[in-house]
>>> print(open('my_file_28.pdb').read())   # PDB, C-alpha atoms
MODEL        1
ATOM      1  CA  MET A   1     -23.804  14.779  11.449
ATOM      2  CA  ALA A   2     -23.598  11.883  13.926
ATOM      3  CA  LYS A   3     -22.775  14.294  16.758
ATOM      4  CA  ASN A   4     -26.035  16.212  16.326
ATOM      5  CA  GLU A   5     -28.080  13.305  14.987
ATOM      6  CA  PHE A   6     -30.709  13.604  17.736
ATOM      7  CA  TYR A   7     -31.531  17.177  16.694
ATOM      8  CA  TRP A   8     -31.377  16.439  12.962
ATOM      9  CA  ARG A   9     -33.850  13.580  13.421
ATOM     10  CA  ARG A  10     -36.197  15.791  15.444
ATOM     11  CA  LEU A  11     -36.065  18.457  12.720
ATOM     12  CA  HIS A  12     -36.610  15.798  10.059
ATOM     13  CA  SER A  13     -39.631  14.470  11.954
ATOM     14  CA  LEU A  14     -41.088  17.927  12.580
ATOM     15  CA  LEU A  15     -40.726  19.089   8.974
ATOM     16  CA  GLY A  16     -42.361  15.854   7.814
ATOM     17  CA  VAL A  17     -45.516  16.932   9.657
ATOM     18  CA  ILE A  18     -45.212  20.721   9.495
ATOM     19  CA  PRO A  19     -45.126  21.976   6.792
ATOM     20  CA  VAL A  20     -44.687  18.982   4.425
ATOM     21  CA  GLY A  21     -47.558  16.920   5.840
ATOM     22  CA  LEU A  22     -49.931  19.876   5.944
ATOM     23  CA  PHE A  23     -49.019  20.745   2.367
ATOM     24  CA  LEU A  24     -49.787  17.190   1.221
ATOM     25  CA  VAL A  25     -53.247  17.348   2.807
ATOM     26  CA  PHE A  26     -53.847  20.744   1.193
ATOM     27  CA  HIS A  27     -52.529  19.588  -2.193
ATOM     28  CA  LEU A  28     -54.669  16.444  -2.312
ATOM     29  CA  SER A  29     -57.727  18.351  -1.091
ATOM     30  CA  LEU A  30     -57.214  20.962  -3.802
ATOM     31  CA  ASN A  31     -56.814  18.249  -6.432
ATOM     32  CA  PHE A  32     -60.015  16.626  -5.161
ATOM     33  CA  THR A  33     -61.928  19.553  -6.664
ATOM     34  CA  ALA A  34     -61.250  17.835 -10.005
ATOM     35  CA  THR A  35     -64.064  15.432  -9.126
ATOM     36  CA  GLY A  36     -66.373  18.395  -9.715
ATOM     37  CA  GLY A  37     -65.163  18.784 -13.268
ATOM     38  CA  GLU A  38     -62.667  20.839 -15.258
ATOM     39  CA  GLU A  39     -64.182  24.236 -14.506
ATOM     40  CA  THR A  40     -64.338  23.595 -10.757
ATOM     41  CA  TYR A  41     -60.717  22.443 -10.642
ATOM     42  CA  ASN A  42     -59.366  25.311 -12.729
ATOM     43  CA  SER A  43     -61.276  27.834 -10.616
ATOM     44  CA  ALA A  44     -59.954  26.369  -7.371
ATOM     45  CA  THR A  45     -56.329  26.190  -8.492
ATOM     46  CA  GLY A  46     -56.594  29.559 -10.248
ATOM     47  CA  VAL A  47     -56.843  31.284  -6.864
ATOM     48  CA  MET A  48     -53.060  30.956  -6.582
ATOM     49  CA  ASP A  49     -52.697  33.264  -9.583
ATOM     50  CA  TYR A  50     -53.867  36.180  -7.436
ATOM     51  CA  ILE A  51     -50.657  35.960  -5.392
ATOM     52  CA  PRO A  52     -47.833  38.025  -6.958
ATOM     53  CA  GLY A  53     -45.297  35.769  -8.701
ATOM     54  CA  PRO A  54     -42.193  36.680  -6.638
ATOM     55  CA  LEU A  55     -44.121  36.359  -3.360
ATOM     56  CA  LEU A  56     -45.602  32.998  -4.384
ATOM     57  CA  LEU A  57     -42.165  31.712  -5.352
ATOM     58  CA  LEU A  58     -40.727  32.843  -2.001
ATOM     59  CA  ILE A  59     -43.549  31.135  -0.097
ATOM     60  CA  GLU A  60     -43.117  27.945  -2.130
ATOM     61  CA  TRP A  61     -39.380  27.779  -1.404
ATOM     62  CA  ILE A  62     -39.747  28.465   2.325
ATOM     63  CA  VAL A  63     -42.865  26.387   2.981
ATOM     64  CA  ILE A  64     -42.540  23.601   0.396
ATOM     65  CA  TYR A  65     -39.284  23.128  -1.517
ATOM     66  CA  ILE A  66     -36.650  23.593   1.205
ATOM     67  CA  PRO A  67     -38.514  21.487   3.827
ATOM     68  CA  ILE A  68     -39.212  18.713   1.284
ATOM     69  CA  LEU A  69     -35.602  18.779   0.072
ATOM     70  CA  PHE A  70     -34.218  18.452   3.596
ATOM     71  CA  HIS A  71     -36.793  15.848   4.644
ATOM     72  CA  GLY A  72     -36.167  13.810   1.502
ATOM     73  CA  LEU A  73     -32.364  13.884   1.521
ATOM     74  CA  TYR A  74     -32.035  13.271   5.250
ATOM     75  CA  GLY A  75     -34.734  10.608   4.937
ATOM     76  CA  ILE A  76     -32.573   8.749   2.408
ATOM     77  CA  TYR A  77     -29.683   8.905   4.876
ATOM     78  CA  ILE A  78     -31.924   7.406   7.571
ATOM     79  CA  ALA A  79     -33.265   4.754   5.183
ATOM     80  CA  PHE A  80     -29.794   3.419   4.446
ATOM     81  CA  THR A  81     -28.367   3.651   7.963
ATOM     82  CA  ALA A  82     -31.250   2.686  10.279
ATOM     83  CA  THR A  83     -32.047  -0.909  11.255
ATOM     84  CA  PRO A  84     -35.358  -2.382  12.531
ATOM     85  CA  ASN A  85     -35.808  -2.745  16.294
ATOM     86  CA  ASN A  86     -37.411  -6.188  16.535
ATOM     87  CA  LYS A  87     -37.197  -6.325  20.326
ATOM     88  CA  ARG A  88     -38.906  -3.022  21.065
ATOM     89  CA  PHE A  89     -41.700  -3.035  18.481
ATOM     90  CA  SER A  90     -44.146  -5.637  17.120
ATOM     91  CA  THR A  91     -43.853  -7.396  13.773
ATOM     92  CA  PHE A  92     -46.449  -4.997  12.344
ATOM     93  CA  ARG A  93     -44.428  -1.984  13.474
ATOM     94  CA  ASN A  94     -41.268  -3.383  11.929
ATOM     95  CA  TRP A  95     -43.085  -3.897   8.636
ATOM     96  CA  MET A  96     -44.252  -0.301   8.850
ATOM     97  CA  PHE A  97     -40.654   0.703   9.600
ATOM     98  CA  LEU A  98     -39.578  -0.972   6.347
ATOM     99  CA  LEU A  99     -42.462   0.524   4.350
ATOM    100  CA  GLN A 100     -41.622   3.983   5.703
ATOM    101  CA  ARG A 101     -38.115   3.688   4.274
ATOM    102  CA  LEU A 102     -39.228   2.179   0.942
ATOM    103  CA  THR A 103     -41.977   4.763   0.362
ATOM    104  CA  GLY A 104     -39.579   7.535   1.349
ATOM    105  CA  VAL A 105     -37.010   6.542  -1.276
ATOM    106  CA  PHE A 106     -39.715   6.104  -3.925
ATOM    107  CA  LEU A 107     -41.249   9.481  -3.076
ATOM    108  CA  VAL A 108     -37.969  11.253  -3.765
ATOM    109  CA  ILE A 109     -38.196   9.937  -7.337
ATOM    110  CA  PHE A 110     -41.945  10.515  -7.660
ATOM    111  CA  ILE A 111     -41.912  14.091  -6.337
ATOM    112  CA  ALA A 112     -38.956  15.023  -8.553
ATOM    113  CA  TRP A 113     -40.797  13.715 -11.617
ATOM    114  CA  HIS A 114     -44.086  15.356 -10.601
ATOM    115  CA  MET A 115     -42.269  18.662 -10.167
ATOM    116  CA  PHE A 116     -40.691  18.266 -13.605
ATOM    117  CA  GLN A 117     -44.056  17.611 -15.232
ATOM    118  CA  THR A 118     -45.820  20.514 -13.542
ATOM    119  CA  ARG A 119     -43.835  23.272 -11.812
ATOM    120  CA  ILE A 120     -40.823  23.185 -14.119
ATOM    121  CA  GLN A 121     -43.070  23.109 -17.186
ATOM    122  CA  LYS A 122     -44.924  26.118 -15.759
ATOM    123  CA  ALA A 123     -41.587  27.951 -15.512
ATOM    124  CA  PHE A 124     -41.203  27.371 -19.266
ATOM    125  CA  GLY A 125     -44.613  28.874 -19.970
ATOM    126  CA  ALA A 126     -46.970  25.903 -19.717
ATOM    127  CA  GLU A 127     -50.253  26.319 -17.837
ATOM    128  CA  VAL A 128     -50.840  23.975 -14.913
ATOM    129  CA  ASN A 129     -54.520  23.139 -15.248
ATOM    130  CA  PHE A 130     -57.005  20.305 -15.690
ATOM    131  CA  GLU A 131     -55.958  19.723 -19.290
ATOM    132  CA  MET A 132     -52.293  19.311 -18.317
ATOM    133  CA  MET A 133     -53.082  16.615 -15.738
ATOM    134  CA  GLU A 134     -55.532  14.992 -18.145
ATOM    135  CA  LYS A 135     -52.765  14.605 -20.731
ATOM    136  CA  ILE A 136     -50.287  13.288 -18.145
ATOM    137  CA  VAL A 137     -52.525  10.489 -16.845
ATOM    138  CA  ALA A 138     -53.820   9.612 -20.322
ATOM    139  CA  ASN A 139     -50.863   7.229 -20.362
ATOM    140  CA  PRO A 140     -51.937   4.150 -18.316
ATOM    141  CA  TRP A 141     -48.388   3.645 -17.020
ATOM    142  CA  MET A 142     -48.221   7.233 -15.840
ATOM    143  CA  LEU A 143     -51.627   6.896 -14.183
ATOM    144  CA  GLY A 144     -50.388   3.821 -12.330
ATOM    145  CA  PHE A 145     -47.209   5.666 -11.372
ATOM    146  CA  TYR A 146     -49.247   8.520  -9.908
ATOM    147  CA  ILE A 147     -51.576   6.204  -7.992
ATOM    148  CA  VAL A 148     -48.591   4.417  -6.434
ATOM    149  CA  GLY A 149     -47.044   7.799  -5.680
ATOM    150  CA  ILE A 150     -50.200   9.057  -3.974
ATOM    151  CA  LEU A 151     -50.576   5.899  -1.878
ATOM    152  CA  SER A 152     -46.893   6.037  -0.947
ATOM    153  CA  ALA A 153     -47.282   9.669   0.151
ATOM    154  CA  THR A 154     -50.410   9.043   2.235
ATOM    155  CA  LEU A 155     -48.895   5.962   3.893
ATOM    156  CA  HIS A 156     -45.606   7.748   4.535
ATOM    157  CA  LEU A 157     -47.383  10.686   6.156
ATOM    158  CA  SER A 158     -49.781   8.532   8.191
ATOM    159  CA  ASN A 159     -47.072   6.275   9.552
ATOM    160  CA  GLY A 160     -44.833   9.298   9.972
ATOM    161  CA  LEU A 161     -47.454  10.839  12.262
ATOM    162  CA  TRP A 162     -47.267   7.717  14.440
ATOM    163  CA  SER A 163     -43.473   7.935  14.562
ATOM    164  CA  PHE A 164     -43.699  11.665  15.298
ATOM    165  CA  CYS A 165     -45.935  11.019  18.324
ATOM    166  CA  VAL A 166     -43.512   8.396  19.646
ATOM    167  CA  SER A 167     -40.277  10.288  19.009
ATOM    168  CA  TRP A 168     -41.650  13.501  20.512
ATOM    169  CA  GLY A 169     -42.912  11.694  23.617
ATOM    170  CA  ILE A 170     -46.605  12.274  22.914
ATOM    171  CA  THR A 171     -47.429   8.557  23.023
ATOM    172  CA  GLN A 172     -45.241   6.692  25.511
ATOM    173  CA  SER A 173     -47.407   3.785  26.663
ATOM    174  CA  THR A 174     -48.140   0.696  24.556
ATOM    175  CA  HIS A 175     -51.869   1.416  24.760
ATOM    176  CA  SER A 176     -51.548   4.994  23.521
ATOM    177  CA  GLN A 177     -49.355   3.823  20.638
ATOM    178  CA  LYS A 178     -51.993   1.267  19.619
ATOM    179  CA  VAL A 179     -54.722   3.921  19.720
ATOM    180  CA  VAL A 180     -52.656   6.257  17.536
ATOM    181  CA  THR A 181     -51.991   3.350  15.164
ATOM    182  CA  TRP A 182     -55.733   2.979  14.527
ATOM    183  CA  ILE A 183     -56.169   6.744  14.167
ATOM    184  CA  THR A 184     -53.299   7.128  11.694
ATOM    185  CA  MET A 185     -54.430   4.106   9.658
ATOM    186  CA  ALA A 186     -57.941   5.587   9.418
ATOM    187  CA  PHE A 187     -56.311   8.843   8.332
ATOM    188  CA  PHE A 188     -54.377   6.887   5.684
ATOM    189  CA  VAL A 189     -57.564   5.351   4.267
ATOM    190  CA  ILE A 190     -59.457   8.660   4.147
ATOM    191  CA  LEU A 191     -56.570  10.621   2.614
ATOM    192  CA  SER A 192     -55.909   7.832   0.100
ATOM    193  CA  ILE A 193     -59.524   7.872  -1.053
ATOM    194  CA  ILE A 194     -59.297  11.629  -1.553
ATOM    195  CA  GLY A 195     -55.994  11.391  -3.429
ATOM    196  CA  VAL A 196     -56.886   8.477  -5.695
ATOM    197  CA  SER A 197     -60.351   9.896  -6.433
ATOM    198  CA  ALA A 198     -58.661  13.147  -7.445
ATOM    199  CA  ILE A 199     -56.237  11.575  -9.901
ATOM    200  CA  LEU A 200     -58.944   9.348 -11.399
ATOM    201  CA  ALA A 201     -61.052  12.448 -12.012
ATOM    202  CA  PHE A 202     -58.566  13.459 -14.709
ATOM    203  CA  VAL A 203     -59.060  10.183 -16.604
TER     204      VAL A 203
ENDMDL
END
>>> encode(input="my_file_28.pdb", output="C-alpha cells")
Amino acid sequence: MAKNEFYWRRLHSLLGVIPVGLFLVFHLSLNFTATGGEETYNSATGVMDYIPGPLLLLIEWIVIYIPILFHGLYGIYIAFTATPNNKRFSTFRNWMFLLQRLTGVFLVIFIAWHMFQTRIQKAFGAEVNFEMMEKIVANPWMLGFYIVGILSATLHLSNGLWSFCVSWGITQSTHSQKVVTWITMAFFVILSIIGVSAILAFV
C-alpha cells in the first residue's frame, strides 16, 4: 500500500467528493422535504420505488456503498498513520486536520448504524418512511446521535473539499487557500442547517 500511497490517497480524496459528497448533499436535501410534513417527505422519497429493485441495488452498490466503504476504511488508515504538519499550515488548519480524522472515525460508526436502522431493516421488509424516522428520533439520545452525525458529515465534507482543492493542485497559493476556506465554511453552515432542520422535522 505504501508503494502506491500517492494514488490511493488521490482516489480516496476523489471518492470523498464524487460520488460520496454529492450523495450526502442529495440525501440531506431529500430529507429536508420532511420540513414540509409527512406526506411531502413520503412522496419525495417514494420516487425511488419507481426504479426496479435489482437496478436500484446495483446503482446503490456502485455509486454509494463501495465508494463509502473504500473511503471509510482507507480514511481510518490515514487517521491512524498521518501526523499534523505544524510548519506548513496554520493552527486553524491543524485543528481542522484533527477534526477531519475524528469526524471520519465517528462517521464510520454512525453510517453503519444508520444503515442498520434503515436499509437493512428495509431488506427485512420494513418501510423506510417518515414514520420510521419519527420512531428512531423519538429517543432523545438517538436524536442527539443523529445531530452529531449530521454535523460530523457536513464538516467532514466541507473540510474535505478544502483538502481536495489543495491535494489536486487547484488552490496552490496561500490567498486562494484562504478564499476556499471561507467558501467551504459557508458551505458547512448552509448544509448543516439543511441537515439539522431535516432531522428535527421528524420530532
>>> resolve_selection(input="my_file_28.pdb", expression="the PyMOL selection byres ((chain A and resi 79) around 8)", output="list in words")
Gly75, Ile76, Tyr77, Ile78, Phe80, Thr81, Ala82, Arg101, Leu102, Gly104 and Val105 of chain A
>>> closest_residue(input="my_file_28.pdb", among="A:Tyr50, A:Phe23, A:Trp8, A:Trp61", to="Leu73 (chain A)", atoms="all atoms listed in the file")
A:Trp8
>>> residues_around(input="my_file_28.pdb", residues="Leu24 (chain A)", least_positions_apart="5", cutoff="12 Å", atoms="all atoms listed in the file", output="list in words")
Gly16, Val17, Ile18, Pro19, Ser29, Leu30, Asn31, Val63, Ile64, Ile68, Ile111, Gly149, Ile150, Leu151, Ser152, Ala153, Thr154, Leu155, His156, Leu157, Ser158, Leu191, Ser192, Ile194 and Gly195 of chain A
>>> closest_residue(input="my_file_28.pdb", among="A:His71, A:Arg119, A:Met132, A:Arg93", to="Gln177 (chain A)", atoms="only C-alpha atoms")
A:Arg93
>>> closest_residue(input="my_file_28.pdb", among="A:Asn4, A:Met142, A:Gly46, A:His12", to="Ser167 (chain A)", atoms="only C-alpha atoms")
A:His12
>>> atom_distance(input="my_file_28.pdb", atom1="CA of Tyr74 (chain A)", atom2="CA of Arg9 (chain A)")
8.4 Å
>>> closest_residue(input="my_file_28.pdb", among="A:Val128, A:Val166, A:Ile136, A:Ala201", to="Asn42 (chain A)", atoms="all atoms listed in the file")
A:Val128
>>> atom_distance(input="my_file_28.pdb", atom1="CA of Leu14 (chain A)", atom2="CA of Thr184 (chain A)")
16.3 Å
>>> atom_distance(input="my_file_28.pdb", atom1="CA of Phe70 (chain A)", atom2="CA of Leu11 (chain A)")
9.3 Å
>>> residues_around(input="my_file_28.pdb", residues="Phe32 (chain A)", least_positions_apart="3", cutoff="12 Å", atoms="all atoms listed in the file", output="PyMOL selection string")
chain A and resi 25-29+35-38+40-42+44-45+130+191-202
>>> closest_residue(input="my_file_28.pdb", among="A:Trp113, A:Tyr65, A:Phe97, A:Trp141", to="Trp162 (chain A)", atoms="all atoms listed in the file")
A:Phe97
>>> axis_aligned_box(input="my_file_28.pdb", around="region 160-163 of chain A", padding_each_side="5 Å", output="AutoDock Vina command-line options")
--center_x -45.5 --center_y 9.3 --center_z 12.3 --size_x 14.0 --size_y 13.1 --size_z 14.6
